[in-house]
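Chemist: My structure file run24.pdb, PDB, C-alpha atoms, pLDDT in the B column, is below:
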ATOM      1  CA  MET O   1      42.977  26.272  45.537  1.00 91.00           C
ATOM      2  CA  ILE O   2      40.884  27.961  42.815  1.00 96.00           C
ATOM      3  CA  ASP O   3      44.008  28.874  40.839  1.00 95.00           C
ATOM      4  CA  LYS O   4      45.193  25.269  40.956  1.00 96.00           C
ATOM      5  CA  GLU O   5      41.799  23.898  39.923  1.00 96.00           C
ATOM      6  CA  ILE O   6      41.680  26.174  36.867  1.00 98.00           C
ATOM      7  CA  LYS O   7      45.275  25.496  35.857  1.00 97.00           C
ATOM      8  CA  ARG O   8      44.799  21.728  36.314  1.00 96.00           C
ATOM      9  CA  SER O   9      42.072  21.704  33.650  1.00 96.00           C
ATOM     10  CA  ALA O  10      42.930  19.160  30.972  1.00 94.00           C
ATOM     11  CA  ASN O  11      43.168  21.734  28.160  1.00 98.00           C
ATOM     12  CA  TYR O  12      44.565  24.693  30.109  1.00 98.00           C
ATOM     13  CA  LYS O  13      47.900  24.501  28.306  1.00 97.00           C
ATOM     14  CA  LYS O  14      46.155  24.313  24.913  1.00 98.00           C
ATOM     15  CA  GLN O  15      45.012  27.946  24.967  1.00 98.00           C
ATOM     16  CA  ASP O  16      44.392  29.709  21.686  1.00 97.00           C
ATOM     17  CA  LYS O  17      45.957  33.079  20.821  1.00 96.00           C
ATOM     18  CA  ASN O  18      43.385  34.921  22.973  1.00 95.00           C
ATOM     19  CA  GLY O  19      43.792  32.606  25.978  1.00 97.00           C
ATOM     20  CA  PHE O  20      40.652  30.468  25.514  1.00 98.00           C
ATOM     21  CA  PHE O  21      40.678  26.742  26.223  1.00 98.00           C
ATOM     22  CA  GLU O  22      38.041  24.021  26.340  1.00 98.00           C
ATOM     23  CA  ILE O  23      36.912  23.006  29.795  1.00 98.00           C
ATOM     24  CA  ASP O  24      34.497  20.340  30.954  1.00 96.00           C
ATOM     25  CA  LYS O  25      31.279  21.174  32.759  1.00 97.00           C
ATOM     26  CA  ASN O  26      32.130  19.297  35.974  1.00 96.00           C
ATOM     27  CA  THR O  27      35.358  21.267  36.323  1.00 97.00           C
ATOM     28  CA  VAL O  28      33.471  24.537  35.846  1.00 97.00           C
ATOM     29  CA  ILE O  29      30.949  23.502  38.489  1.00 97.00           C
ATOM     30  CA  ARG O  30      33.735  22.622  40.948  1.00 97.00           C
ATOM     31  CA  ILE O  31      35.458  25.961  40.325  1.00 97.00           C
ATOM     32  CA  LEU O  32      32.227  27.945  40.709  1.00 96.00           C
ATOM     33  CA  ARG O  33      31.452  26.128  43.977  1.00 96.00           C
ATOM     34  CA  LEU O  34      34.946  26.958  45.275  1.00 96.00           C
ATOM     35  CA  ILE O  35      34.456  30.593  44.291  1.00 94.00           C
ATOM     36  CA  GLU O  36      31.058  30.643  45.985  1.00 93.00           C
ATOM     37  CA  GLU O  37      32.638  29.432  49.246  1.00 91.00           C
ATOM     38  CA  THR O  38      34.874  32.515  49.299  1.00 88.00           C
ATOM     39  CA  TYR O  39      32.002  35.002  49.163  1.00 83.00           C
ATOM     40  CA  VAL O  40      30.753  36.674  52.328  1.00 81.00           C
ATOM     41  CA  TYR O  41      27.238  38.119  52.428  1.00 78.00           C
ATOM     42  CA  GLY O  42      25.658  40.466  54.899  1.00 80.00           C
ATOM     43  CA  VAL O  43      23.698  43.642  55.444  1.00 82.00           C
ATOM     44  CA  GLU O  44      26.935  45.404  56.369  1.00 77.00           C
ATOM     45  CA  TYR O  45      28.304  44.600  52.901  1.00 70.00           C
ATOM     46  CA  GLY O  46      25.121  45.522  51.041  1.00 72.00           C
ATOM     47  CA  ASN O  47      25.236  42.331  49.003  1.00 74.00           C
ATOM     48  CA  ASN O  48      22.472  40.059  50.300  1.00 74.00           C
ATOM     49  CA  ASP O  49      20.705  40.432  46.947  1.00 77.00           C
ATOM     50  CA  LYS O  50      23.691  38.712  45.274  1.00 74.00           C
ATOM     51  CA  ARG O  51      23.444  35.512  47.309  1.00 74.00           C
ATOM     52  CA  ASN O  52      22.049  33.429  44.408  1.00 75.00           C
ATOM     53  CA  ASP O  53      24.400  34.680  41.681  1.00 85.00           C
ATOM     54  CA  ILE O  54      26.378  31.417  41.454  1.00 89.00           C
ATOM     55  CA  LYS O  55      23.183  29.345  41.608  1.00 89.00           C
ATOM     56  CA  GLU O  56      21.780  31.373  38.709  1.00 91.00           C
ATOM     57  CA  MET O  57      25.022  30.975  36.781  1.00 93.00           C
ATOM     58  CA  LEU O  58      24.907  27.198  37.263  1.00 95.00           C
ATOM     59  CA  CYS O  59      21.331  27.070  35.950  1.00 92.00           C
ATOM     60  CA  VAL O  60      22.272  29.076  32.857  1.00 93.00           C
ATOM     61  CA  LEU O  61      25.401  26.961  32.355  1.00 96.00           C
ATOM     62  CA  ASP O  62      23.285  23.814  32.471  1.00 95.00           C
ATOM     63  CA  TYR O  63      20.997  25.074  29.717  1.00 94.00           C
ATOM     64  CA  CYS O  64      23.869  26.404  27.591  1.00 96.00           C
ATOM     65  CA  THR O  65      25.763  23.118  27.733  1.00 97.00           C
ATOM     66  CA  GLU O  66      22.641  21.186  26.730  1.00 95.00           C
ATOM     67  CA  GLN O  67      22.545  23.385  23.636  1.00 94.00           C
ATOM     68  CA  SER O  68      26.314  23.086  22.972  1.00 96.00           C
ATOM     69  CA  HIS O  69      26.478  19.300  23.535  1.00 94.00           C
ATOM     70  CA  GLY O  70      28.632  19.885  26.619  1.00 94.00           C
ATOM     71  CA  LYS O  71      31.203  22.164  25.017  1.00 97.00           C
ATOM     72  CA  ILE O  72      32.438  25.141  27.080  1.00 98.00           C
ATOM     73  CA  PHE O  73      35.315  27.536  26.524  1.00 98.00           C
ATOM     74  CA  ALA O  74      37.129  29.178  29.423  1.00 98.00           C
ATOM     75  CA  LEU O  75      39.254  32.276  29.813  1.00 98.00           C
ATOM     76  CA  HIS O  76      41.475  32.798  32.845  1.00 97.00           C
ATOM     77  CA  ARG O  77      42.809  36.232  33.735  1.00 95.00           C
ATOM     78  CA  GLU O  78      44.867  37.079  36.810  1.00 94.00           C
ATOM     79  CA  ASP O  79      46.413  40.129  38.440  1.00 88.00           C
ATOM     80  CA  ARG O  80      43.423  42.436  37.976  1.00 83.00           C
ATOM     81  CA  ASN O  81      43.238  45.697  39.937  1.00 78.00           C
ATOM     82  CA  MET O  82      39.777  47.086  39.360  1.00 75.00           C
ATOM     83  CA  ASN O  83      38.303  49.392  42.007  1.00 67.00           C
ATOM     84  CA  ARG O  84      35.107  48.426  43.801  1.00 68.00           C
ATOM     85  CA  ILE O  85      33.722  51.939  43.227  1.00 67.00           C
ATOM     86  CA  ARG O  86      33.989  53.478  39.763  1.00 70.00           C
ATOM     87  CA  GLU O  87      34.798  57.141  39.137  1.00 74.00           C
ATOM     88  CA  ASN O  88      31.077  57.904  38.688  1.00 74.00           C
ATOM     89  CA  GLY O  89      30.367  56.629  42.228  1.00 68.00           C
ATOM     90  CA  CYS O  90      28.636  53.404  41.120  1.00 70.00           C
ATOM     91  CA  PHE O  91      29.751  49.919  42.114  1.00 68.00           C
ATOM     92  CA  SER O  92      31.854  48.036  39.568  1.00 67.00           C
ATOM     93  CA  ASP O  93      29.677  45.474  37.869  1.00 67.00           C
ATOM     94  CA  ALA O  94      31.899  43.976  35.178  1.00 69.00           C
ATOM     95  CA  PRO O  95      35.442  42.710  35.665  1.00 73.00           C
ATOM     96  CA  ASP O  96      36.046  42.148  31.976  1.00 74.00           C
ATOM     97  CA  SER O  97      37.855  44.552  29.693  1.00 80.00           C
ATOM     98  CA  GLY O  98      36.235  45.269  26.329  1.00 77.00           C
ATOM     99  CA  ASN O  99      39.163  44.791  23.974  1.00 80.00           C
ATOM    100  CA  THR O 100      41.073  42.015  25.698  1.00 85.00           C
ATOM    101  CA  ASP O 101      38.212  40.002  27.210  1.00 92.00           C
ATOM    102  CA  THR O 102      34.680  40.839  26.082  1.00 92.00           C
ATOM    103  CA  GLU O 103      35.242  41.263  22.359  1.00 95.00           C
ATOM    104  CA  PRO O 104      37.228  38.019  21.927  1.00 96.00           C
ATOM    105  CA  ALA O 105      34.688  36.204  24.140  1.00 96.00           C
ATOM    106  CA  HIS O 106      31.832  37.341  21.883  1.00 96.00           C
ATOM    107  CA  GLU O 107      33.744  35.993  18.900  1.00 97.00           C
ATOM    108  CA  LYS O 108      34.374  32.672  20.677  1.00 98.00           C
ATOM    109  CA  ALA O 109      30.833  32.233  22.043  1.00 97.00           C
ATOM    110  CA  GLN O 110      29.136  31.308  18.799  1.00 98.00           C
ATOM    111  CA  ASP O 111      28.070  27.709  19.421  1.00 98.00           C
ATOM    112  CA  ALA O 112      29.328  27.180  22.969  1.00 98.00           C
ATOM    113  CA  PRO O 113      29.283  29.305  26.129  1.00 98.00           C
ATOM    114  CA  VAL O 114      32.360  31.045  27.511  1.00 98.00           C
ATOM    115  CA  ILE O 115      33.136  31.108  31.225  1.00 98.00           C
ATOM    116  CA  MET O 116      35.625  33.772  32.248  1.00 97.00           C
ATOM    117  CA  PHE O 117      37.473  33.588  35.549  1.00 97.00           C
ATOM    118  CA  PHE O 118      38.894  36.953  36.645  1.00 93.00           C
ATOM    119  CA  ARG O 119      41.198  36.979  39.648  1.00 94.00           C
ATOM    120  CA  GLN O 120      41.066  40.384  41.287  1.00 90.00           C
ATOM    121  CA  ASN O 121      43.934  41.327  43.565  1.00 87.00           C
ATOM    122  CA  GLY O 122      41.345  42.872  45.901  1.00 80.00           C
ATOM    123  CA  GLN O 123      43.533  45.779  46.893  1.00 80.00           C
ATOM    124  CA  LYS O 124      42.392  48.438  49.287  1.00 78.00           C
ATOM    125  CA  ASN O 125      42.391  51.838  47.615  1.00 77.00           C
ATOM    126  CA  LYS O 126      41.569  55.298  48.921  1.00 76.00           C
ATOM    127  CA  ASP O 127      40.334  58.042  46.615  1.00 77.00           C
ATOM    128  CA  LYS O 128      43.021  60.733  46.667  1.00 81.00           C
ATOM    129  CA  GLU O 129      40.509  63.593  46.647  1.00 83.00           C
ATOM    130  CA  THR O 130      37.801  62.348  48.991  1.00 82.00           C
ATOM    131  CA  GLY O 131      39.689  59.803  51.089  1.00 77.00           C
ATOM    132  CA  SER O 132      36.801  57.345  50.676  1.00 73.00           C
ATOM    133  CA  ASP O 133      37.491  53.644  50.233  1.00 68.00           C
ATOM    134  CA  VAL O 134      36.980  52.737  46.564  1.00 66.00           C
ATOM    135  CA  GLY O 135      38.866  49.436  46.743  1.00 66.00           C
ATOM    136  CA  TRP O 136      38.189  46.025  48.187  1.00 75.00           C
ATOM    137  CA  ASN O 137      39.044  44.549  51.576  1.00 75.00           C
ATOM    138  CA  GLY O 138      42.635  43.646  50.745  1.00 78.00           C
ATOM    139  CA  THR O 139      41.855  40.035  49.840  1.00 83.00           C
ATOM    140  CA  PRO O 140      42.193  38.501  46.353  1.00 89.00           C
ATOM    141  CA  PHE O 141      39.020  36.978  44.924  1.00 89.00           C
ATOM    142  CA  TYR O 142      37.602  35.451  41.752  1.00 93.00           C
ATOM    143  CA  TRP O 143      34.872  37.116  39.757  1.00 91.00           C
ATOM    144  CA  PRO O 144      33.337  34.676  37.237  1.00 95.00           C
ATOM    145  CA  VAL O 145      31.474  35.840  34.142  1.00 95.00           C
ATOM    146  CA  LEU O 146      29.413  33.522  31.944  1.00 96.00           C
ATOM    147  CA  MET O 147      28.708  34.506  28.358  1.00 96.00           C
ATOM    148  CA  THR O 148      26.016  32.497  26.608  1.00 96.00           C
ATOM    149  CA  GLN O 149      26.552  31.376  23.064  1.00 97.00           C
ATOM    150  CA  LYS O 150      25.032  33.322  20.185  1.00 97.00           C
ATOM    151  CA  ASN O 151      23.521  30.298  18.424  1.00 96.00           C
ATOM    152  CA  MET O 152      21.062  28.776  20.850  1.00 92.00           C
ATOM    153  CA  GLN O 153      17.348  28.550  21.449  1.00 86.00           C
ATOM    154  CA  PRO O 154      16.064  31.417  23.608  1.00 86.00           C
ATOM    155  CA  VAL O 155      14.703  30.410  26.995  1.00 84.00           C
ATOM    156  CA  MET O 156      13.147  32.009  30.030  1.00 81.00           C
ATOM    157  CA  PHE O 157      13.826  30.658  33.496  1.00 73.00           C
ATOM    158  CA  ALA O 158      13.286  31.619  37.102  1.00 74.00           C
ATOM    159  CA  LEU O 159      14.811  30.458  40.345  1.00 67.00           C
ATOM    160  CA  ASP O 160      12.467  29.116  42.995  1.00 63.00           C
TER
END
Translate this file's structure into structure tokens.

Modeler:
Amino acid sequence: MIDKEIKRSANYKKQDKNGFFEIDKNTVIRILRLIEETYVYGVEYGNNDKRNDIKEMLCVLDYCTEQSHGKIFALHREDRNMNRIRENGCFSDAPDSGNTDTEPAHEKAQDAPVIMFFRQNGQKNKDKETGSDVGWNGTPFYWPVLMTQKNMQPVMFALD
């Protein structure tokens, strides 16, 4: 469903050389809501503190699009296989790759925000040395990243 919604975007087939395309705000909101519905929170997952992440992203998106007169760029990446636990033992906190995702997004996000949709394969993965689970639960999922534009008025906001 999420894949279809992204690929149905009016400008999806008009991607530039780095894979960016313009997307309208309502489509982004629909996609983020669909992504949010796939998330499961609970003490057993240690993620209750992440419950408002999409709500926060929507608030930031709202401000950014006011500044960009509604313009948003999107980047869609699939078939990602990042571990949940990094080699240093910390949780993965960024699905984007520096050279292929982050750097081009910084270049693109001058006067309009960039929303990146990363589809993780969600594979289970055991560490060969320790046997501990460093992967996901075996279910694909989307990990959205919003990059604000460089040229905008600074703002401070708080939820609730």

Chemist: With distances taken over only C-alpha atoms, which residue among O:Ser132, O:Gln15, O:Asn125, O:Gln120 lies nearest O:Glu78?

Modeler: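 Result for the nearest residue to O:Glu78: O:Gln120.
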
Chemist: Just to confirm, what's the straight-line distance from atom CA of O:Arg51 to atom CA of O:Ile35 in Å (one decimal)?

Modeler: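 A separation of 12.4 Å between them.
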
Chemist: Quick one: pull the distance between atom CA of O:Asn81 and atom CA of O:Asn121, Å, one decimal.

Modeler: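 Computing it gives 5.7 Å between the two atoms.
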
Chemist: Considering only C-alpha atoms, state which residue in the set O:Asn99, O:Gln123, O:Thr65, O:Thr130 is at the smallest distance from O:Asp79.

Modeler: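 Closest to O:Asp79, using only C-alpha atoms: O:Gln123.
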
Chemist: Kindly provide the residues of stretch 27-119 of chain O that approach stretch 6-14 of chain O to within 8 Å, each paired with its closest atom pair and their distance in Å to one decimal, based on all atoms listed in the file, listed by chain and increasing number, as a tab-separated table.

Modeler:
residue	atom	partner	partner_atom	distance
O:Thr27	CA	O:Ser9	CA	7.2
O:Ile31	CA	O:Ile6	CA	7.1
O:His76	CA	O:Ile6	CA	7.8

Chemist: When the PyMOL selection byres ((chain O and resi 124) around 7) is applied to the structure above, which residues does it catch, written out as an mmCIF file with C-alpha atoms, in the coordinates of the input?

Modeler:
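What follows is the written file selection.cif:
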data_model
loop_
_atom_site.group_PDB
_atom_site.id
_atom_site.type_symbol
_atom_site.label_atom_id
_atom_site.label_comp_id
_atom_site.auth_asym_id
_atom_site.auth_seq_id
_atom_site.Cartn_x
_atom_site.Cartn_y
_atom_site.Cartn_z
ATOM 1 C CA GLY O 122 41.345 42.872 45.901
ATOM 2 C CA GLN O 123 43.533 45.779 46.893
ATOM 3 C CA ASN O 125 42.391 51.838 47.615
ATOM 4 C CA LYS O 126 41.569 55.298 48.921
ATOM 5 C CA GLY O 135 38.866 49.436 46.743
ATOM 6 C CA TRP O 136 38.189 46.025 48.187
ATOM 7 C CA ASN O 137 39.044 44.549 51.576
ATOM 8 C CA GLY O 138 42.635 43.646 50.745
#

Chemist: Using all atoms listed in the file, find the one residue out of O:Phe141, O:Phe157, O:Phe73, O:Phe118 that sits nearest to O:Asp16.

Modeler: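 That would be O:Phe73, the residue with the smallest distance to O:Asp16.
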
Chemist: To one decimal place, how far is atom CA of O:Val60 from atom CA of O:Gly42 in Å?

Modeler: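 We find that atom CA of O:Val60 and atom CA of O:Gly42 lie 25.0 Å from each other.
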
Chemist: Can you turn the PyMOL selection byres ((chain O and resi 52) around 12) into a concrete residue list for this file, as a list of chain:residue names?

Modeler: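 In the shown coordinates, the PyMOL selection byres ((chain O and resi 52) around 12) covers O:Arg33, O:Glu36, O:Tyr39, O:Tyr41, O:Asn47, O:Asn48, O:Asp49, O:Lys50, O:Arg51, O:Asp53, O:Ile54, O:Lys55, O:Glu56, O:Met57, O:Leu58, O:Cys59, O:Ala158, O:Leu159, O:Asp160.
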
Chemist: Using only C-alpha atoms, determine which residues lie at most 12 Å from O:Ala109, disregarding the query and same-chain residues fewer than 4 positions distant; provide the list as a list in words.

Modeler: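 My reading of the contact set: Phe20, Glu22, Cys64, Thr65, Ser68, Lys71, Ile72, Phe73, Ala74, Leu75, Asp101, Thr102, Glu103, Pro104, Ala105, Pro113, Val114, Ile115, Met116, Leu146, Met147, Thr148, Gln149, Lys150, Asn151 and Met152 of chain O.
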